[in-house]
file my_file-v2.cif (mmCIF, C-alpha atoms)
data_input
loop_
_atom_site.label_atom_id
_atom_site.label_comp_id
_atom_site.auth_asym_id
_atom_site.auth_seq_id
_atom_site.Cartn_x
_atom_site.Cartn_y
_atom_site.Cartn_z
CA MET D 25 -37.12 13.95 48.06
CA ALA D 26 -34.76 16.91 48.42
CA ASN D 27 -37.74 19.26 48.66
CA LEU D 28 -39.30 17.09 51.37
CA ALA D 29 -35.96 17.06 53.18
CA LYS D 30 -35.91 20.86 53.23
CA GLU D 31 -39.52 20.96 54.42
CA TYR D 32 -38.83 18.62 57.36
CA GLY D 33 -35.46 20.12 58.28
CA ALA D 34 -33.30 17.24 57.06
CA ASN D 35 -29.96 17.50 55.25
CA ALA D 36 -31.25 18.34 51.78
CA GLU D 37 -27.80 18.17 50.14
CA LEU D 38 -27.17 14.66 51.46
CA VAL D 39 -30.64 13.51 50.41
CA ALA D 40 -30.20 14.98 46.92
CA ILE D 41 -26.83 13.36 46.23
CA LEU D 42 -27.92 9.98 47.63
CA GLN D 43 -31.02 10.06 45.44
CA SER D 44 -28.83 10.78 42.40
CA VAL D 45 -26.40 8.00 43.37
CA ARG D 46 -29.34 5.63 43.90
CA ILE D 47 -30.66 6.30 40.40
CA LEU D 48 -27.18 6.02 38.86
CA SER D 49 -26.58 2.74 40.70
CA VAL D 50 -29.84 1.29 39.43
CA VAL D 51 -29.23 2.41 35.84
CA VAL D 52 -25.73 0.88 35.87
CA PHE D 53 -26.62 -2.21 37.92
CA ILE D 54 -29.62 -3.38 35.86
CA PRO D 55 -27.74 -3.94 32.55
CA PHE D 56 -24.89 -5.58 34.50
CA LEU D 57 -27.35 -7.88 36.27
CA LEU D 58 -29.16 -8.84 33.08
CA ARG D 59 -25.99 -9.43 31.05
CA ASN D 60 -23.56 -11.03 33.53
CA LEU D 61 -25.70 -12.69 36.21
CA LEU D 62 -28.87 -13.64 34.31
CA HIS D 63 -27.01 -14.16 31.00
CA ILE D 64 -29.51 -12.15 28.98
CA ASP D 65 -28.00 -10.66 25.82
CA ILE D 66 -29.51 -7.18 26.01
CA ASP D 67 -27.51 -6.12 22.94
CA ALA D 68 -29.50 -8.64 20.91
CA ILE D 69 -32.88 -7.22 21.97
CA PRO D 70 -34.62 -5.98 18.80
CA ALA D 71 -35.02 -2.26 18.32
CA ILE D 72 -38.41 -0.84 19.19
CA HIS D 73 -38.31 2.03 16.77
CA GLY D 74 -36.85 2.71 13.40
CA GLU D 75 -34.49 5.42 12.29
CA SER D 76 -36.71 6.84 9.57
CA HIS D 77 -37.79 10.44 9.51
CA SER D 78 -40.98 10.06 7.50
CA GLY D 79 -44.02 12.30 7.68
CA HIS D 80 -45.65 9.92 10.15
CA ASP D 81 -42.55 10.07 12.35
CA ILE D 82 -42.65 13.88 12.42
CA PHE D 83 -46.39 13.87 13.09
CA SER D 84 -45.89 11.48 16.02
CA THR D 85 -43.15 13.69 17.44
CA VAL D 86 -45.32 16.81 17.34
CA LEU D 87 -48.34 14.96 18.75
CA ILE D 88 -46.32 13.48 21.63
CA LEU D 89 -44.85 16.88 22.53
CA LEU D 90 -48.29 18.53 22.49
CA PHE D 91 -49.74 15.77 24.70
CA ALA D 92 -46.79 15.99 27.08
CA MET D 93 -47.05 19.77 27.47
CA ALA D 94 -50.84 19.70 27.91
CA GLY D 95 -50.60 16.81 30.40
CA TYR D 96 -47.88 18.59 32.38
CA TYR D 97 -49.94 21.77 32.78
CA MET D 98 -53.02 19.71 33.66
CA GLY D 99 -51.07 17.82 36.34
CA LYS D 100 -49.58 21.07 37.67
CA LYS D 101 -53.00 22.72 37.95
CA LEU D 102 -54.37 19.67 39.77
CA HIS D 103 -51.31 19.61 42.10
CA ILE D 104 -50.47 16.03 41.13
CA ALA D 105 -47.16 14.60 42.34
CA SER D 106 -44.63 14.44 39.45
CA PRO D 107 -46.88 16.34 37.00
CA SER D 108 -44.35 15.97 34.16
CA LEU D 109 -44.74 12.17 34.32
CA ILE D 110 -48.21 11.42 35.63
CA GLY D 111 -49.96 14.37 33.92
CA PRO D 112 -49.19 13.31 30.32
CA MET D 113 -49.97 9.68 31.21
CA LEU D 114 -53.42 10.55 32.58
CA LEU D 115 -54.18 12.80 29.61
CA ALA D 116 -53.17 10.02 27.19
CA ILE D 117 -55.49 7.60 28.99
CA ILE D 118 -58.39 10.07 28.85
CA VAL D 119 -57.91 10.91 25.16
CA ASN D 120 -57.43 7.28 24.18
CA ASN D 121 -60.74 6.33 25.85
CA LEU D 122 -62.63 9.27 24.35
CA MET D 123 -61.43 8.66 20.78
CA PRO D 124 -63.78 6.52 18.64
CA GLY D 125 -60.81 4.39 17.56
CA GLN D 126 -57.62 3.51 19.41
CA LEU D 127 -55.04 6.27 19.09
CA SER D 128 -51.71 4.81 17.95
CA ILE D 129 -48.59 6.91 18.57
CA THR D 130 -45.10 5.53 18.10
CA MET D 131 -42.11 6.98 19.92
CA PRO D 132 -39.69 8.49 17.39
CA SER D 133 -36.06 7.48 17.79
CA LEU D 134 -34.99 11.12 18.15
CA LEU D 135 -37.10 11.63 21.30
CA SER D 136 -35.83 8.38 22.78
CA HIS D 137 -32.19 9.41 22.25
CA ILE D 138 -32.84 12.89 23.68
CA ALA D 139 -34.51 11.38 26.75
CA GLN D 140 -31.49 9.15 27.40
CA ILE D 141 -29.07 12.07 26.97
CA LEU D 142 -31.04 14.27 29.37
CA LEU D 143 -31.20 11.38 31.83
CA GLY D 144 -27.41 11.04 31.86
CA VAL D 145 -26.84 14.80 32.17
CA THR D 146 -29.32 15.12 35.05
CA ILE D 147 -27.84 12.25 37.07
CA GLY D 148 -24.24 13.34 36.50
CA HIS D 149 -24.91 16.97 37.41
CA GLY D 150 -26.88 15.94 40.50
CA ILE D 151 -23.89 13.99 41.83
CA ILE D 152 -20.96 16.24 40.93
CA SER D 153 -22.61 19.52 41.97
CA ARG D 154 -23.11 18.30 45.56
CA LEU D 155 -20.39 15.69 46.10
CA PHE D 156 -17.88 17.96 47.85
CA PHE D 157 -20.42 19.22 50.39
CA ILE D 158 -21.07 15.79 51.93
CA LYS D 159 -19.20 14.22 54.84
CA LEU D 160 -17.46 10.96 53.95
CA ARG D 161 -19.08 9.10 56.86
CA ASP D 162 -22.59 10.11 55.77
CA LEU D 163 -21.80 9.16 52.18
CA ILE D 164 -20.54 5.69 53.14
CA ILE D 165 -23.62 4.97 55.26
CA GLY D 166 -25.85 6.18 52.43
CA LEU D 167 -24.06 3.98 49.88
CA PHE D 168 -24.45 0.97 52.18
CA SER D 169 -28.20 1.60 52.40
CA ILE D 170 -28.36 1.82 48.58
CA VAL D 171 -26.62 -1.56 48.24
CA LEU D 172 -29.12 -3.14 50.65
CA LEU D 173 -31.98 -1.52 48.73
CA LEU D 174 -30.72 -2.98 45.43
CA LEU D 175 -30.42 -6.47 46.93
CA PHE D 176 -33.92 -6.24 48.34
CA ALA D 177 -35.21 -5.06 44.94
CA VAL D 178 -33.72 -8.14 43.24
CA ILE D 179 -35.52 -10.40 45.73
CA ILE D 180 -38.82 -8.59 45.10
CA ALA D 181 -38.22 -8.84 41.33
CA ALA D 182 -37.75 -12.62 41.60
CA LEU D 183 -41.03 -12.94 43.53
CA PHE D 184 -42.82 -10.64 41.08
CA ARG D 185 -41.55 -12.72 38.14
CA LEU D 186 -42.97 -15.90 39.68
CA VAL D 187 -46.33 -14.35 40.53
CA ALA D 188 -46.89 -12.28 37.37
CA ASP D 189 -45.17 -14.68 34.92
CA VAL D 190 -43.13 -11.96 33.19
CA ASP D 191 -39.57 -11.93 31.89
CA TRP D 192 -36.60 -10.85 34.01
CA GLN D 193 -36.24 -7.46 32.28
CA THR D 194 -39.81 -6.48 33.05
CA ALA D 195 -39.71 -7.80 36.62
CA ILE D 196 -36.47 -6.01 37.49
CA LEU D 197 -37.45 -2.69 35.91
CA SER D 198 -40.87 -2.83 37.57
CA THR D 199 -39.41 -3.25 41.05
CA ALA D 200 -36.18 -1.27 40.64
CA PRO D 201 -35.85 1.60 43.14
CA GLY D 202 -34.76 4.09 40.50
CA GLY D 203 -36.66 7.16 39.41
CA ALA D 204 -39.90 6.36 37.58
CA ALA D 205 -38.91 8.40 34.53
CA GLU D 206 -35.46 6.78 34.38
CA MET D 207 -36.87 3.26 34.63
CA ILE D 208 -39.45 3.97 31.94
CA VAL D 209 -36.75 5.26 29.56
CA LEU D 210 -34.66 2.17 30.28
CA ALA D 211 -37.69 -0.08 29.77
CA LYS D 212 -38.33 1.54 26.40
CA THR D 213 -34.69 1.00 25.43
CA LEU D 214 -34.70 -2.69 26.47
CA ASN D 215 -38.06 -3.37 24.77
CA THR D 216 -39.80 -4.73 27.88
CA HIS D 217 -43.52 -4.80 28.69
CA LEU D 218 -43.69 -1.03 28.99
CA GLU D 219 -47.25 -0.89 30.33
CA ILE D 220 -46.32 -3.13 33.29
CA VAL D 221 -43.18 -1.13 34.11
CA VAL D 222 -45.04 2.19 33.85
CA THR D 223 -47.88 1.02 36.10
CA ALA D 224 -45.56 -0.45 38.73
CA GLN D 225 -43.23 2.58 38.81
CA VAL D 226 -46.06 5.14 38.95
CA VAL D 227 -47.81 3.23 41.77
CA ARG D 228 -44.48 2.99 43.63
CA GLN D 229 -43.86 6.71 43.25
CA ILE D 230 -47.35 7.62 44.43
CA MET D 231 -47.02 5.36 47.47
CA VAL D 232 -43.59 6.79 48.35
CA ASN D 233 -44.81 10.39 48.06
CA ALA D 234 -47.83 9.53 50.19
CA LEU D 235 -45.97 7.55 52.87
CA VAL D 236 -42.75 9.55 53.30
CA PRO D 237 -44.41 12.30 55.39
CA LEU D 238 -45.91 9.60 57.63
CA TRP D 239 -42.51 7.90 57.99
CA VAL D 240 -40.91 11.22 58.91
CA VAL D 241 -43.53 11.92 61.59
CA LEU D 242 -43.21 8.41 63.06
CA SER D 243 -39.41 8.67 63.05
CA ASP D 244 -39.55 12.02 64.85
CA ARG D 245 -41.90 10.63 67.49
CA MET D 246 -39.76 7.53 67.99
CA GLU D 247 -36.64 9.69 68.32
CA SER D 248 -38.41 11.89 70.89
CA VAL D 249 -39.47 8.84 72.90
CA LEU D 250 -35.93 7.44 72.86
CA ARG D 251 -34.46 10.77 73.94
CA LYS D 252 -37.00 11.11 76.72
CA GLY D 253 -36.18 7.59 77.90
CA ALA D 254 -32.47 8.36 77.92
CA VAL D 255 -33.06 11.53 79.96
CA ASP D 256 -35.24 9.64 82.46
CA LYS D 257 -32.49 7.04 82.95
CA GLU D 258 -29.92 9.76 83.63
CA ILE D 259 -32.21 11.30 86.25
#

call {"tool": "encode", "arguments": {"input": "my_file-v2.cif", "output": "structure tokens"}}
result
Amino acid sequence: MANLAKEYGANAELVAILQSVRILSVVVFIPFLLRNLLHIDIDAIPAIHGESHSGHDIFSTVLILLFAMAGYYMGKKLHIASPSLIGPMLLAIIVNNLMPGQLSITMPSLLSHIAQILLGVTIGHGIISRLFFIKLRDLIIGLFSIVLLLLFAVIIAALFRLVADVDWQTAILSTAPGGAAEMIVLAKTLNTHLEIVVTAQVVRQIMVNALVPLWVVLSDRMESVLRKGAVDKEI
């Protein structure tokens, strides 16, 4: 989003910090919502991976890293949006369908912990590094829009849960307006239906990347029309 802001002449610093705050708000709000409002004991959710470091665990780690790197370069060469996320996913789908038997790879606990650490560092750095360059008025308006977005996401999650017949964790993580990578890491941690969350978040990200330029153009045209109308009234 910050890159698009620079491209269209918007305030890239404000966009960047609000995107970081949006992701942080979602990551903090979802466990709070599940635990305190929906009374779901997320601490009692069974672990999805063991702590062993067997030969199979090491083999899975190496295989996942190789797939991720190959998928990233494939996505980058094809100019796919978010190549580090969508590239490895597409490569995994291709390889899994070409293999004579289903390829089973389990996520080692070490990679899961590293992903969560990097997630926290990225969000924290994105906020602190830009916080003092933003006007308070712009920040307050941005925070208000984030609160409205979170409330709207909860409503959509409730509708999605009724239609798709999934649990609250899966519904909320599928519709949450956080980053796709962050929501997938959180879904893995909470042991939800990962395939549903991944599909929903990737589709959401693709739609946002495709529609944002259109929204910007329409907003510019609407602003030009309003300005022209104001000038005509003054004349």

call {"tool": "closest_residue", "arguments": {"input": "my_file-v2.cif", "among": "D:Val241, D:Ile152, D:Leu214, D:Leu250", "to": "Val45 of chain D", "atoms": "all atoms listed in the file"}}
result
D:Ile152

call {"tool": "atom_distance", "arguments": {"input": "my_file-v2.cif", "atom1": "atom CA of His63 of chain D", "atom2": "atom CA of Ile170 of chain D"}}
result
23.8 Å

call {"tool": "resolve_selection", "arguments": {"input": "my_file-v2.cif", "expression": "the PyMOL selection byres ((chain D and resi 221-238) around 9)", "output": "count of residues only"}}
result
32

call {"tool": "residues_around", "arguments": {"input": "my_file-v2.cif", "residues": "Leu114 of chain D", "least_positions_apart": "5", "cutoff": "10 Å", "atoms": "all atoms listed in the file", "output": "PDB file with C-alpha atoms, in the frame of the given file"}}
result
ATOM      1  CA  GLY D  95     -50.600  16.810  30.400  1.00  0.00           C
ATOM      2  CA  TYR D  96     -47.880  18.590  32.380  1.00  0.00           C
ATOM      3  CA  MET D  98     -53.020  19.710  33.660  1.00  0.00           C
ATOM      4  CA  GLY D  99     -51.070  17.820  36.340  1.00  0.00           C
ATOM      5  CA  PRO D 107     -46.880  16.340  37.000  1.00  0.00           C
ATOM      6  CA  LEU D 109     -44.740  12.170  34.320  1.00  0.00           C
ATOM      7  CA  VAL D 119     -57.910  10.910  25.160  1.00  0.00           C
ATOM      8  CA  ASN D 120     -57.430   7.280  24.180  1.00  0.00           C
TER       9      ASN D 120
END

call {"tool": "atom_distance", "arguments": {"input": "my_file-v2.cif", "atom1": "atom CA of Val145 of chain D", "atom2": "atom CA of Thr213 of chain D"}}
result
17.2 Å

call {"tool": "resolve_selection", "arguments": {"input": "my_file-v2.cif", "expression": "the PyMOL selection byres ((chain D and resi 51) around 8)", "output": "list of chain:residue names"}}
result
D:Ile47, D:Leu48, D:Ser49, D:Val50, D:Val52, D:Phe53, D:Ile54, D:Pro55, D:Gly202, D:Glu206, D:Met207, D:Leu210

call {"tool": "atom_distance", "arguments": {"input": "my_file-v2.cif", "atom1": "atom CA of Arg245 of chain D", "atom2": "atom CA of His103 of chain D"}}
result
28.5 Å

call {"tool": "resolve_selection", "arguments": {"input": "my_file-v2.cif", "expression": "the PyMOL selection byres ((chain D and resi 182) around 12)", "output": "VMD selection string"}}
result
chain D and resid 62 175 to 181 183 to 200

call {"tool": "closest_residue", "arguments": {"input": "my_file-v2.cif", "among": "D:Ile88, D:Leu160, D:Leu174, D:Leu134", "to": "Pro112 of chain D", "atoms": "all atoms listed in the file"}}
result
D:Ile88

call {"tool": "decode", "arguments": {"input": "my_file-v2.cif", "residues": "segment 192-226 of chain D", "atoms": "N, CA, C and O atoms", "output": "PDB file, in the first residue's frame"}}
result
ATOM      1  N   TRP D 192     -15.784 -20.083  14.854  1.00  0.00           N
ATOM      2  CA  TRP D 192     -15.534 -18.642  14.955  1.00  0.00           C
ATOM      3  C   TRP D 192     -14.090 -18.296  14.594  1.00  0.00           C
ATOM      4  O   TRP D 192     -13.826 -17.279  13.948  1.00  0.00           O
ATOM      5  N   GLN D 193     -13.123 -19.113  15.030  1.00  0.00           N
ATOM      6  CA  GLN D 193     -11.724 -18.802  14.737  1.00  0.00           C
ATOM      7  C   GLN D 193     -11.486 -18.704  13.242  1.00  0.00           C
ATOM      8  O   GLN D 193     -10.857 -17.756  12.749  1.00  0.00           O
ATOM      9  N   THR D 194     -11.992 -19.687  12.509  1.00  0.00           N
ATOM     10  CA  THR D 194     -11.788 -19.712  11.062  1.00  0.00           C
ATOM     11  C   THR D 194     -12.506 -18.553  10.382  1.00  0.00           C
ATOM     12  O   THR D 194     -11.953 -17.903   9.485  1.00  0.00           O
ATOM     13  N   ALA D 195     -13.738 -18.284  10.805  1.00  0.00           N
ATOM     14  CA  ALA D 195     -14.515 -17.202  10.189  1.00  0.00           C
ATOM     15  C   ALA D 195     -13.857 -15.848  10.403  1.00  0.00           C
ATOM     16  O   ALA D 195     -13.752 -15.035   9.475  1.00  0.00           O
ATOM     17  N   ILE D 196     -13.394 -15.589  11.624  1.00  0.00           N
ATOM     18  CA  ILE D 196     -12.794 -14.291  11.931  1.00  0.00           C
ATOM     19  C   ILE D 196     -11.464 -14.120  11.207  1.00  0.00           C
ATOM     20  O   ILE D 196     -11.184 -13.056  10.633  1.00  0.00           O
ATOM     21  N   LEU D 197     -10.625 -15.140  11.217  1.00  0.00           N
ATOM     22  CA  LEU D 197      -9.324 -15.036  10.550  1.00  0.00           C
ATOM     23  C   LEU D 197      -9.471 -14.966   9.030  1.00  0.00           C
ATOM     24  O   LEU D 197      -8.625 -14.388   8.354  1.00  0.00           O
ATOM     25  N   SER D 198     -10.531 -15.546   8.493  1.00  0.00           N
ATOM     26  CA  SER D 198     -10.748 -15.499   7.047  1.00  0.00           C
ATOM     27  C   SER D 198     -11.173 -14.119   6.580  1.00  0.00           C
ATOM     28  O   SER D 198     -10.851 -13.699   5.466  1.00  0.00           O
ATOM     29  N   THR D 199     -11.898 -13.402   7.435  1.00  0.00           N
ATOM     30  CA  THR D 199     -12.426 -12.094   7.040  1.00  0.00           C
ATOM     31  C   THR D 199     -11.668 -10.932   7.669  1.00  0.00           C
ATOM     32  O   THR D 199     -11.971  -9.778   7.380  1.00  0.00           O
ATOM     33  N   ALA D 200     -10.697 -11.220   8.522  1.00  0.00           N
ATOM     34  CA  ALA D 200      -9.963 -10.157   9.217  1.00  0.00           C
ATOM     35  C   ALA D 200      -9.169  -9.309   8.222  1.00  0.00           C
ATOM     36  O   ALA D 200      -8.536  -9.844   7.312  1.00  0.00           O
ATOM     37  N   PRO D 201      -9.200  -7.977   8.393  1.00  0.00           N
ATOM     38  CA  PRO D 201      -8.495  -7.095   7.465  1.00  0.00           C
ATOM     39  C   PRO D 201      -7.025  -6.899   7.820  1.00  0.00           C
ATOM     40  O   PRO D 201      -6.483  -5.808   7.707  1.00  0.00           O
ATOM     41  N   GLY D 202      -6.389  -7.954   8.289  1.00  0.00           N
ATOM     42  CA  GLY D 202      -4.954  -7.889   8.547  1.00  0.00           C
ATOM     43  C   GLY D 202      -4.189  -8.312   7.314  1.00  0.00           C
ATOM     44  O   GLY D 202      -4.775  -8.641   6.276  1.00  0.00           O
ATOM     45  N   GLY D 203      -2.867  -8.304   7.401  1.00  0.00           N
ATOM     46  CA  GLY D 203      -2.072  -8.793   6.283  1.00  0.00           C
ATOM     47  C   GLY D 203      -2.294 -10.283   6.089  1.00  0.00           C
ATOM     48  O   GLY D 203      -2.510 -11.023   7.062  1.00  0.00           O
ATOM     49  N   ALA D 204      -2.254 -10.742   4.845  1.00  0.00           N
ATOM     50  CA  ALA D 204      -2.494 -12.165   4.570  1.00  0.00           C
ATOM     51  C   ALA D 204      -1.486 -13.048   5.294  1.00  0.00           C
ATOM     52  O   ALA D 204      -1.845 -14.058   5.908  1.00  0.00           O
ATOM     53  N   ALA D 205      -0.209 -12.674   5.236  1.00  0.00           N
ATOM     54  CA  ALA D 205       0.820 -13.475   5.896  1.00  0.00           C
ATOM     55  C   ALA D 205       0.601 -13.527   7.403  1.00  0.00           C
ATOM     56  O   ALA D 205       0.734 -14.588   8.036  1.00  0.00           O
ATOM     57  N   GLU D 206       0.248 -12.378   7.997  1.00  0.00           N
ATOM     58  CA  GLU D 206       0.022 -12.327   9.446  1.00  0.00           C
ATOM     59  C   GLU D 206      -1.168 -13.184   9.859  1.00  0.00           C
ATOM     60  O   GLU D 206      -1.117 -13.884  10.876  1.00  0.00           O
ATOM     61  N   MET D 207      -2.241 -13.147   9.085  1.00  0.00           N
ATOM     62  CA  MET D 207      -3.423 -13.932   9.419  1.00  0.00           C
ATOM     63  C   MET D 207      -3.164 -15.433   9.245  1.00  0.00           C
ATOM     64  O   MET D 207      -3.691 -16.257  10.005  1.00  0.00           O
ATOM     65  N   ILE D 208      -2.351 -15.783   8.277  1.00  0.00           N
ATOM     66  CA  ILE D 208      -2.032 -17.194   8.066  1.00  0.00           C
ATOM     67  C   ILE D 208      -1.177 -17.724   9.211  1.00  0.00           C
ATOM     68  O   ILE D 208      -1.378 -18.847   9.696  1.00  0.00           O
ATOM     69  N   VAL D 209      -0.207 -16.922   9.670  1.00  0.00           N
ATOM     70  CA  VAL D 209       0.607 -17.318  10.824  1.00  0.00           C
ATOM     71  C   VAL D 209      -0.272 -17.485  12.057  1.00  0.00           C
ATOM     72  O   VAL D 209      -0.138 -18.453  12.815  1.00  0.00           O
ATOM     73  N   LEU D 210      -1.194 -16.548  12.265  1.00  0.00           N
ATOM     74  CA  LEU D 210      -2.097 -16.628  13.412  1.00  0.00           C
ATOM     75  C   LEU D 210      -3.029 -17.828  13.299  1.00  0.00           C
ATOM     76  O   LEU D 210      -3.329 -18.496  14.293  1.00  0.00           O
ATOM     77  N   ALA D 211      -3.483 -18.121  12.086  1.00  0.00           N
ATOM     78  CA  ALA D 211      -4.352 -19.277  11.871  1.00  0.00           C
ATOM     79  C   ALA D 211      -3.618 -20.573  12.179  1.00  0.00           C
ATOM     80  O   ALA D 211      -4.188 -21.506  12.758  1.00  0.00           O
ATOM     81  N   LYS D 212      -2.345 -20.628  11.802  1.00  0.00           N
ATOM     82  CA  LYS D 212      -1.530 -21.807  12.097  1.00  0.00           C
ATOM     83  C   LYS D 212      -1.355 -21.972  13.599  1.00  0.00           C
ATOM     84  O   LYS D 212      -1.428 -23.082  14.133  1.00  0.00           O
ATOM     85  N   THR D 213      -1.169 -20.848  14.297  1.00  0.00           N
ATOM     86  CA  THR D 213      -0.981 -20.894  15.750  1.00  0.00           C
ATOM     87  C   THR D 213      -2.250 -21.348  16.461  1.00  0.00           C
ATOM     88  O   THR D 213      -2.190 -22.111  17.429  1.00  0.00           O
ATOM     89  N   LEU D 214      -3.415 -20.894  15.992  1.00  0.00           N
ATOM     90  CA  LEU D 214      -4.689 -21.204  16.641  1.00  0.00           C
ATOM     91  C   LEU D 214      -5.315 -22.497  16.137  1.00  0.00           C
ATOM     92  O   LEU D 214      -6.431 -22.844  16.546  1.00  0.00           O
ATOM     93  N   ASN D 215      -4.627 -23.186  15.227  1.00  0.00           N
ATOM     94  CA  ASN D 215      -5.093 -24.492  14.737  1.00  0.00           C
ATOM     95  C   ASN D 215      -6.489 -24.408  14.124  1.00  0.00           C
ATOM     96  O   ASN D 215      -7.384 -25.170  14.459  1.00  0.00           O
ATOM     97  N   THR D 216      -6.680 -23.443  13.210  1.00  0.00           N
ATOM     98  CA  THR D 216      -7.955 -23.312  12.511  1.00  0.00           C
ATOM     99  C   THR D 216      -7.908 -24.100  11.209  1.00  0.00           C
ATOM    100  O   THR D 216      -6.932 -24.795  10.917  1.00  0.00           O
ATOM    101  N   HIS D 217      -8.972 -23.967  10.402  1.00  0.00           N
ATOM    102  CA  HIS D 217      -8.984 -24.582   9.074  1.00  0.00           C
ATOM    103  C   HIS D 217      -8.089 -23.739   8.164  1.00  0.00           C
ATOM    104  O   HIS D 217      -8.542 -22.784   7.529  1.00  0.00           O
ATOM    105  N   LEU D 218      -6.830 -24.101   8.114  1.00  0.00           N
ATOM    106  CA  LEU D 218      -5.827 -23.267   7.457  1.00  0.00           C
ATOM    107  C   LEU D 218      -6.122 -23.062   5.980  1.00  0.00           C
ATOM    108  O   LEU D 218      -5.917 -21.966   5.445  1.00  0.00           O
ATOM    109  N   GLU D 219      -6.633 -24.096   5.306  1.00  0.00           N
ATOM    110  CA  GLU D 219      -6.882 -23.976   3.870  1.00  0.00           C
ATOM    111  C   GLU D 219      -7.957 -22.925   3.569  1.00  0.00           C
ATOM    112  O   GLU D 219      -7.882 -22.205   2.571  1.00  0.00           O
ATOM    113  N   ILE D 220      -8.960 -22.816   4.467  1.00  0.00           N
ATOM    114  CA  ILE D 220     -10.016 -21.812   4.275  1.00  0.00           C
ATOM    115  C   ILE D 220      -9.459 -20.415   4.497  1.00  0.00           C
ATOM    116  O   ILE D 220      -9.726 -19.486   3.716  1.00  0.00           O
ATOM    117  N   VAL D 221      -8.684 -20.243   5.567  1.00  0.00           N
ATOM    118  CA  VAL D 221      -8.097 -18.933   5.873  1.00  0.00           C
ATOM    119  C   VAL D 221      -7.157 -18.488   4.764  1.00  0.00           C
ATOM    120  O   VAL D 221      -7.193 -17.331   4.323  1.00  0.00           O
ATOM    121  N   VAL D 222      -6.312 -19.396   4.291  1.00  0.00           N
ATOM    122  CA  VAL D 222      -5.359 -19.067   3.220  1.00  0.00           C
ATOM    123  C   VAL D 222      -6.101 -18.631   1.964  1.00  0.00           C
ATOM    124  O   VAL D 222      -5.781 -17.599   1.356  1.00  0.00           O
ATOM    125  N   THR D 223      -7.103 -19.402   1.560  1.00  0.00           N
ATOM    126  CA  THR D 223      -7.858 -19.080   0.352  1.00  0.00           C
ATOM    127  C   THR D 223      -8.548 -17.723   0.465  1.00  0.00           C
ATOM    128  O   THR D 223      -8.464 -16.886  -0.441  1.00  0.00           O
ATOM    129  N   ALA D 224      -9.205 -17.490   1.590  1.00  0.00           N
ATOM    130  CA  ALA D 224      -9.937 -16.231   1.779  1.00  0.00           C
ATOM    131  C   ALA D 224      -8.980 -15.036   1.798  1.00  0.00           C
ATOM    132  O   ALA D 224      -9.245 -14.005   1.168  1.00  0.00           O
ATOM    133  N   GLN D 225      -7.866 -15.160   2.505  1.00  0.00           N
ATOM    134  CA  GLN D 225      -6.925 -14.046   2.621  1.00  0.00           C
ATOM    135  C   GLN D 225      -6.218 -13.760   1.293  1.00  0.00           C
ATOM    136  O   GLN D 225      -6.000 -12.590   0.936  1.00  0.00           O
ATOM    137  N   VAL D 226      -5.858 -14.797   0.562  1.00  0.00           N
ATOM    138  CA  VAL D 226      -5.196 -14.586  -0.734  1.00  0.00           C
ATOM    139  C   VAL D 226      -6.154 -13.942  -1.733  1.00  0.00           C
ATOM    140  O   VAL D 226      -5.782 -13.011  -2.461  1.00  0.00           O
TER     141      VAL D 226
END
